[in-house]
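Okay, query_7.cif is below, mmCIF, C-alpha atoms and all ligand atoms:
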data_run
#
loop_
_atom_site.label_atom_id
_atom_site.label_comp_id
_atom_site.auth_asym_id
_atom_site.auth_seq_id
_atom_site.Cartn_x
_atom_site.Cartn_y
_atom_site.Cartn_z
CA MET A 102 -0.21 -12.46 9.24
CA THR A 103 2.26 -10.45 7.23
CA ASP A 104 2.07 -11.00 3.51
CA ILE A 105 5.80 -11.36 2.95
CA GLU A 106 5.37 -12.42 -0.67
CA GLN A 107 3.25 -9.37 -1.49
CA ASN A 108 5.66 -7.07 0.34
CA VAL A 109 8.64 -8.44 -1.56
CA GLU A 110 6.80 -8.14 -4.86
CA ASN A 111 5.80 -4.54 -4.11
CA LEU A 112 9.30 -3.57 -3.03
CA LEU A 113 10.98 -5.19 -6.01
CA LYS A 114 8.56 -3.22 -8.19
CA SER A 115 8.90 0.11 -6.44
CA ILE A 116 12.64 0.21 -5.74
CA PRO A 117 14.07 1.55 -8.98
CA ALA A 118 16.43 -0.85 -10.73
CA HIS A 119 19.01 1.92 -10.98
CA ASN A 120 19.83 5.02 -8.93
CA PRO A 121 20.25 8.46 -10.59
CA GLN A 122 23.92 7.58 -11.17
CA GLY A 123 22.80 4.59 -13.26
CA GLU A 124 24.03 1.98 -10.77
CA LYS A 125 22.05 -1.13 -9.99
CA VAL A 126 20.24 -0.89 -6.63
CA THR A 127 20.51 -4.03 -4.49
CA LEU A 128 17.82 -4.88 -1.95
CA VAL A 129 19.13 -6.62 1.16
CA ALA A 130 16.44 -8.11 3.40
CA ALA A 131 17.25 -7.29 7.05
CA VAL A 132 16.34 -10.56 8.77
CA LYS A 133 17.03 -9.90 12.46
CA MET A 134 14.55 -11.71 14.72
CA GLN A 135 12.86 -13.42 11.76
CA PRO A 136 12.40 -17.20 11.86
CA PRO A 137 13.94 -19.21 9.01
CA GLU A 138 10.47 -19.94 7.56
CA SER A 139 9.86 -16.23 7.02
CA ILE A 140 13.29 -15.69 5.53
CA ASN A 141 12.80 -18.63 3.18
CA ARG A 142 9.43 -17.23 2.09
CA ALA A 143 11.13 -13.94 1.24
CA VAL A 144 13.84 -15.74 -0.72
CA ARG A 145 11.28 -17.76 -2.65
CA ALA A 146 9.47 -14.50 -3.43
CA GLY A 147 12.58 -13.07 -5.06
CA ILE A 148 14.94 -11.82 -2.33
CA THR A 149 18.53 -12.49 -3.42
CA ASP A 150 20.41 -10.92 -0.51
CA ILE A 151 19.88 -11.23 3.25
CA GLY A 152 21.52 -9.32 6.09
CA ASP A 153 21.97 -10.41 9.70
CA ASN A 154 22.58 -8.37 12.84
CA HIS A 155 23.33 -10.96 15.48
CA VAL A 156 26.05 -13.60 15.32
CA GLN A 157 24.09 -16.04 17.45
CA GLU A 158 21.05 -15.82 15.17
CA PHE A 159 23.25 -16.05 12.10
CA LYS A 160 24.82 -19.27 13.40
CA GLU A 161 21.52 -20.83 14.45
CA LYS A 162 19.81 -20.13 11.15
CA TYR A 163 22.75 -20.53 8.80
CA ASP A 164 21.97 -24.05 7.61
CA LEU A 165 18.21 -23.49 7.54
CA ILE A 166 18.20 -20.80 4.87
CA GLU A 167 17.31 -22.13 1.45
CA GLY A 168 18.20 -20.90 -2.00
CA ALA A 169 21.77 -19.79 -1.24
CA PRO A 170 21.14 -16.04 -1.02
CA THR A 171 24.08 -13.66 -0.80
CA ARG A 172 24.89 -13.17 2.90
CA HIS A 173 25.47 -9.77 4.48
CA PHE A 174 26.33 -8.88 8.03
CA ILE A 175 24.81 -5.50 8.83
CA GLY A 176 24.78 -5.24 12.62
CA HIS A 177 27.25 -4.16 15.26
CA LEU A 178 29.91 -6.86 15.41
CA GLN A 179 31.83 -7.75 18.54
CA THR A 180 35.46 -8.48 17.86
CA ASN A 181 35.41 -11.80 19.74
CA LYS A 182 32.59 -13.11 17.51
CA VAL A 183 34.29 -12.45 14.17
CA LYS A 184 35.66 -15.99 14.11
CA TYR A 185 32.17 -17.46 13.67
CA LEU A 186 31.53 -15.49 10.49
CA ILE A 187 34.73 -15.81 8.50
CA GLY A 188 34.17 -17.39 5.11
CA LYS A 189 30.39 -17.31 5.51
CA VAL A 190 29.62 -13.63 4.96
CA ASP A 191 29.80 -12.14 1.47
CA LEU A 192 29.81 -8.51 2.63
CA TYR A 193 30.37 -6.98 6.08
CA HIS A 194 28.59 -3.60 6.16
CA SER A 195 29.36 -2.50 9.67
CA VAL A 196 33.13 -2.10 9.96
CA ASP A 197 32.93 0.79 12.37
CA ARG A 198 36.29 0.77 14.18
CA TYR A 199 39.91 -0.15 13.58
CA ASN A 200 40.17 -3.11 15.92
CA LEU A 201 37.24 -4.78 14.17
CA ALA A 202 38.94 -4.30 10.80
CA GLU A 203 42.15 -5.74 12.25
CA GLU A 204 40.37 -8.80 13.61
CA LEU A 205 38.54 -9.38 10.32
CA SER A 206 41.85 -9.06 8.50
CA LYS A 207 43.71 -11.41 10.82
CA ARG A 208 41.02 -14.09 10.80
CA SER A 209 40.46 -13.84 7.05
CA ALA A 210 44.16 -14.16 6.32
CA ALA A 211 44.45 -17.16 8.64
CA ALA A 212 41.51 -18.84 6.89
CA GLY A 213 42.84 -18.00 3.44
CA VAL A 214 39.78 -15.97 2.44
CA LEU A 215 39.31 -12.44 1.17
CA SER A 216 36.56 -10.62 3.09
CA ASN A 217 34.53 -7.86 1.42
CA ILE A 218 33.76 -4.97 3.72
CA LEU A 219 32.15 -1.55 3.88
CA VAL A 220 33.39 1.19 6.16
CA GLN A 221 30.57 2.46 8.38
CA ILE A 222 30.19 6.21 8.68
CA ASN A 223 28.28 7.81 11.54
CA ILE A 224 26.74 10.44 9.29
CA GLY A 225 24.53 11.95 11.96
CA ASN A 226 27.32 12.08 14.58
CA GLU A 227 25.03 10.15 16.90
CA GLU A 228 26.33 8.80 20.17
CA SER A 229 24.09 5.76 19.89
CA LYS A 230 25.64 4.69 16.58
CA GLY A 231 29.02 3.34 15.67
CA GLY A 232 31.15 4.38 12.77
CA PHE A 233 33.81 6.80 11.69
CA GLY A 234 33.09 10.49 11.36
CA LEU A 235 32.58 11.74 7.81
CA ASP A 236 35.83 13.66 8.11
CA GLU A 237 37.63 10.46 9.15
CA ALA A 238 36.47 8.48 6.11
CA GLU A 239 39.63 8.97 4.02
CA ASP A 240 41.96 7.98 6.85
CA ALA A 241 39.78 5.01 7.78
CA CYS A 242 39.68 3.71 4.21
CA LYS A 243 43.40 4.20 3.81
CA THR A 244 44.28 2.33 6.99
CA ILE A 245 41.76 -0.45 6.49
CA ALA A 246 42.46 -0.95 2.79
CA ALA A 247 46.12 -1.53 3.67
CA LEU A 248 45.25 -4.53 5.86
CA PRO A 249 45.71 -7.99 4.33
CA ALA A 250 42.78 -10.17 3.23
CA LEU A 251 40.25 -7.32 3.18
CA ASN A 252 38.60 -5.84 0.12
CA VAL A 253 37.05 -2.44 0.89
CA LEU A 254 34.08 -2.07 -1.43
CA GLY A 255 32.45 1.10 -0.19
CA LEU A 256 30.64 2.85 2.62
CA MET A 257 27.63 2.18 4.83
CA ALA A 258 25.56 4.65 6.82
CA MET A 259 22.36 4.88 8.84
CA LEU A 260 20.61 8.21 8.70
CA PRO A 261 19.33 9.64 12.00
CA PHE A 262 15.68 9.20 12.95
CA THR A 263 14.09 12.53 12.12
CA ASP A 264 11.18 13.86 10.08
CA ASP A 265 13.32 16.68 8.78
CA GLU A 266 13.51 15.56 5.17
CA GLU A 267 15.73 18.41 4.12
CA LYS A 268 18.27 17.41 6.75
CA LEU A 269 18.10 13.77 5.67
CA ARG A 270 18.67 14.71 2.04
CA GLU A 271 21.59 16.85 3.01
CA LEU A 272 23.23 14.00 4.96
CA ALA A 273 22.51 11.38 2.29
CA THR A 274 24.00 13.68 -0.35
CA LEU A 275 27.10 14.22 1.78
CA MET A 276 27.49 10.44 1.96
CA ARG A 277 27.26 10.13 -1.81
CA GLU A 278 29.80 12.92 -2.30
CA LYS A 279 32.23 11.18 0.05
CA TYR A 280 31.64 7.88 -1.72
CA ASP A 281 32.40 9.47 -5.10
CA LEU A 282 35.53 11.13 -3.76
CA LEU A 283 36.82 7.85 -2.35
CA LYS A 284 35.88 5.91 -5.47
CA GLY A 285 38.48 8.04 -7.24
CA ALA A 286 41.14 6.53 -4.98
CA TYR A 287 39.61 3.05 -4.70
CA PRO A 288 38.31 1.96 -8.12
CA GLN A 289 36.98 -1.27 -6.58
CA PHE A 290 34.35 0.77 -4.69
CA LYS A 291 30.94 -0.55 -5.64
CA TYR A 292 28.48 -0.08 -2.79
CA LEU A 293 26.98 2.78 -0.88
CA SER A 294 24.75 0.94 1.60
CA MET A 295 22.20 3.44 2.91
CA GLY A 296 18.44 3.26 3.38
CA MET A 297 15.98 1.29 5.51
CA SER A 298 12.18 0.83 5.49
CA GLY A 299 11.48 4.45 6.40
CA ASP A 300 14.00 6.29 4.26
CA TRP A 301 15.06 4.12 1.32
CA ARG A 302 13.36 6.26 -1.35
CA LEU A 303 15.17 9.36 -0.27
CA CYS A 304 18.44 7.45 0.02
CA VAL A 305 18.22 5.97 -3.48
CA GLU A 306 17.33 9.38 -4.90
CA CYS A 307 20.47 10.75 -3.25
CA GLY A 308 22.69 8.02 -4.71
CA SER A 309 22.51 4.95 -2.49
CA ASN A 310 22.87 1.70 -4.43
CA MET A 311 22.16 -0.79 -1.63
CA VAL A 312 19.21 -0.65 0.75
CA ARG A 313 18.64 -2.78 3.87
CA ILE A 314 14.97 -3.36 4.52
CA GLY A 315 13.32 -5.34 7.32
CA THR A 316 9.99 -4.00 8.53
CA ALA A 317 8.62 -3.28 5.05
CA ILE A 318 9.13 -6.97 4.20
CA PHE A 319 8.45 -8.84 7.44
CA GLY A 320 6.25 -6.41 9.36
CA PRO A 321 7.09 -4.89 12.74
CA ARG A 322 9.55 -6.88 14.85
CA ASP A 323 8.18 -8.30 18.08
CA TYR A 324 10.64 -7.07 20.69
CA GLY A 325 8.31 -8.21 23.46
CA ALA A 326 8.66 -11.89 22.60
C1 LIG B 1 17.20 -3.57 11.33
C2 LIG B 1 18.14 -2.91 10.40
C3 LIG B 1 17.73 -2.46 9.14
C4 LIG B 1 16.30 -2.56 8.67
O1 LIG B 1 15.48 -1.72 9.39
P1 LIG B 1 13.92 -1.56 9.03
O2 LIG B 1 13.56 -0.22 9.53
O3 LIG B 1 13.21 -2.67 9.72
O4 LIG B 1 13.80 -1.66 7.55
C5 LIG B 1 18.67 -1.91 8.32
N1 LIG B 1 19.97 -1.78 8.69
C6 LIG B 1 20.40 -2.18 9.89
C7 LIG B 1 21.83 -2.02 10.23
C8 LIG B 1 19.50 -2.74 10.78
O5 LIG B 1 19.94 -3.13 11.98
#
In structure tokens, what does this structure look like?
Amino acid sequence: MTDIEQNVENLLKSIPAHNPQGEKVTLVAAVKMQPPESINRAVRAGITDIGDNHVQEFKEKYDLIEGAPTRHFIGHLQTNKVKYLIGKVDLYHSVDRYNLAEELSKRSAAAGVLSNILVQINIGNEESKGGFGLDEAEDACKTIAALPALNVLGLMAMLPFTDDEEKLRELATLMREKYDLLKGAYPQFKYLSMGMSGDWRLCVECGSNMVRIGTAIFGPRDYGA
């Protein structure tokens, strides 16, 4: 049985409160495939922010989560499912294409809400991952920030799976440099969401201020179930 409480305590202790830039580092618990009981245990242990990947799971569990944590959507989002999330998600991390941004904008405007979003960057240029290329980041932010009812608060990235730490540092640093460049144009920028169970230390050292952690809190996910 995974000791969620101990894991949360350890993480909250070991994740530095601030990154080298002096910004507060926010821990988002990645809750995909976790039952509400486990999520509630994590929240009681001190988790303030939770992030979902699947709309169906989000809907099913929405009313069962206690303690009113801040809600993030971190997974790939199908355009036709946006309608189920509007007004319920505090920050969308995974805005990885224009038609998703347009749908979020349209639905948010119709509902009279302002949706906070991050623009996802495919920093490793991986075919398996969504997101804009690093060299498209300026254009993407410009186009998306001009849409009504959206508040672009920063960038999100997933580093590639590799043991090459030097490469990972290089990519994470490129993300931070792009974030800083864009922050000059968008003073509301606040979040660089980068780092998971395996690479969060490196990411925070390179300037991430929001990490999304699942396995290190809840244990390995049971994909066989
Ligand atoms: C699952 C997931 C995470 C957390 O991954 P772990 O390796 O379990 O910490 C972070 N971000 C996204 C987008 C995810 O889908």
message: At a cut-off of 7 Å and counting all atoms listed in the file, what residues surround ligand LIG 1 (chain B)? Please answer as a ChimeraX atom specification.
response: /A:131,133,154,175-176,297-299,313-317
task: Counting only C-alpha atoms, figure out which residue out of A:Ala210, A:Leu256, A:Leu192, A:Val305 gets nearest to Gln122 (chain A).
output: A:Val305
Spatial neighbours of Thr180 (chain A), 12 Å, all atoms listed in the file, chain gap at least 6 places, as number ranges by chain: A: 156, 186-187, 195-208
Using C-alpha atoms, can you write the selected residues to a file as an mmCIF file, keeping the file's coordinate frame?
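Printed below is out-v3.cif as written:
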data_model
loop_
_atom_site.group_PDB
_atom_site.id
_atom_site.type_symbol
_atom_site.label_atom_id
_atom_site.label_comp_id
_atom_site.auth_asym_id
_atom_site.auth_seq_id
_atom_site.Cartn_x
_atom_site.Cartn_y
_atom_site.Cartn_z
ATOM 1 C CA VAL A 156 26.050 -13.600 15.320
ATOM 2 C CA LEU A 186 31.530 -15.490 10.490
ATOM 3 C CA ILE A 187 34.730 -15.810 8.500
ATOM 4 C CA SER A 195 29.360 -2.500 9.670
ATOM 5 C CA VAL A 196 33.130 -2.100 9.960
ATOM 6 C CA ASP A 197 32.930 0.790 12.370
ATOM 7 C CA ARG A 198 36.290 0.770 14.180
ATOM 8 C CA TYR A 199 39.910 -0.150 13.580
ATOM 9 C CA ASN A 200 40.170 -3.110 15.920
ATOM 10 C CA LEU A 201 37.240 -4.780 14.170
ATOM 11 C CA ALA A 202 38.940 -4.300 10.800
ATOM 12 C CA GLU A 203 42.150 -5.740 12.250
ATOM 13 C CA GLU A 204 40.370 -8.800 13.610
ATOM 14 C CA LEU A 205 38.540 -9.380 10.320
ATOM 15 C CA SER A 206 41.850 -9.060 8.500
ATOM 16 C CA LYS A 207 43.710 -11.410 10.820
ATOM 17 C CA ARG A 208 41.020 -14.090 10.800
#
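CA of Met295 (chain A) lies 5.6 Å from CA of Ser309 (chain A).
Counting only C-alpha atoms, Asp300 (chain A) has the following residues at most 12 Å away, ignoring those fewer than 3 positions along the same chain: Ile116, Ala258, Met259, Leu260, Pro261, Phe262, Thr263, Asp264, Asp265, Glu266, Leu269, Arg270, Ala273, Met295, Gly296, Met297, Leu303, Cys304, Val305, Glu306, Cys307, Ser309, Val312, Arg313, Ile314, Thr316 and Ala317 of chain A.
Shell of region 276-279 of chain A at 9 Å, with only C-alpha atoms counted and residues fewer than 4 places along the chain excluded, is Ile222, Ile224, Leu235, Ala238, Glu239, Leu256, Met257, Ala258, Glu271, Leu272, Leu283, Lys284, Leu293, Met295, Cys307, Gly308 and Ser309 of chain A.
The space between CA of Glu237 (chain A) and CA of Val220 (chain A) spans 10.6 Å.
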message: Nearest residue to Pro137 (chain A) out of A:Phe319, A:Leu248, A:Asp281, A:Asn217, using only C-alpha atoms?
response: A:Phe319
- prompt: Distance CA of Tyr185 (chain A)-CA of Phe159 (chain A), one decimal place?
  reply: 9.2 Å
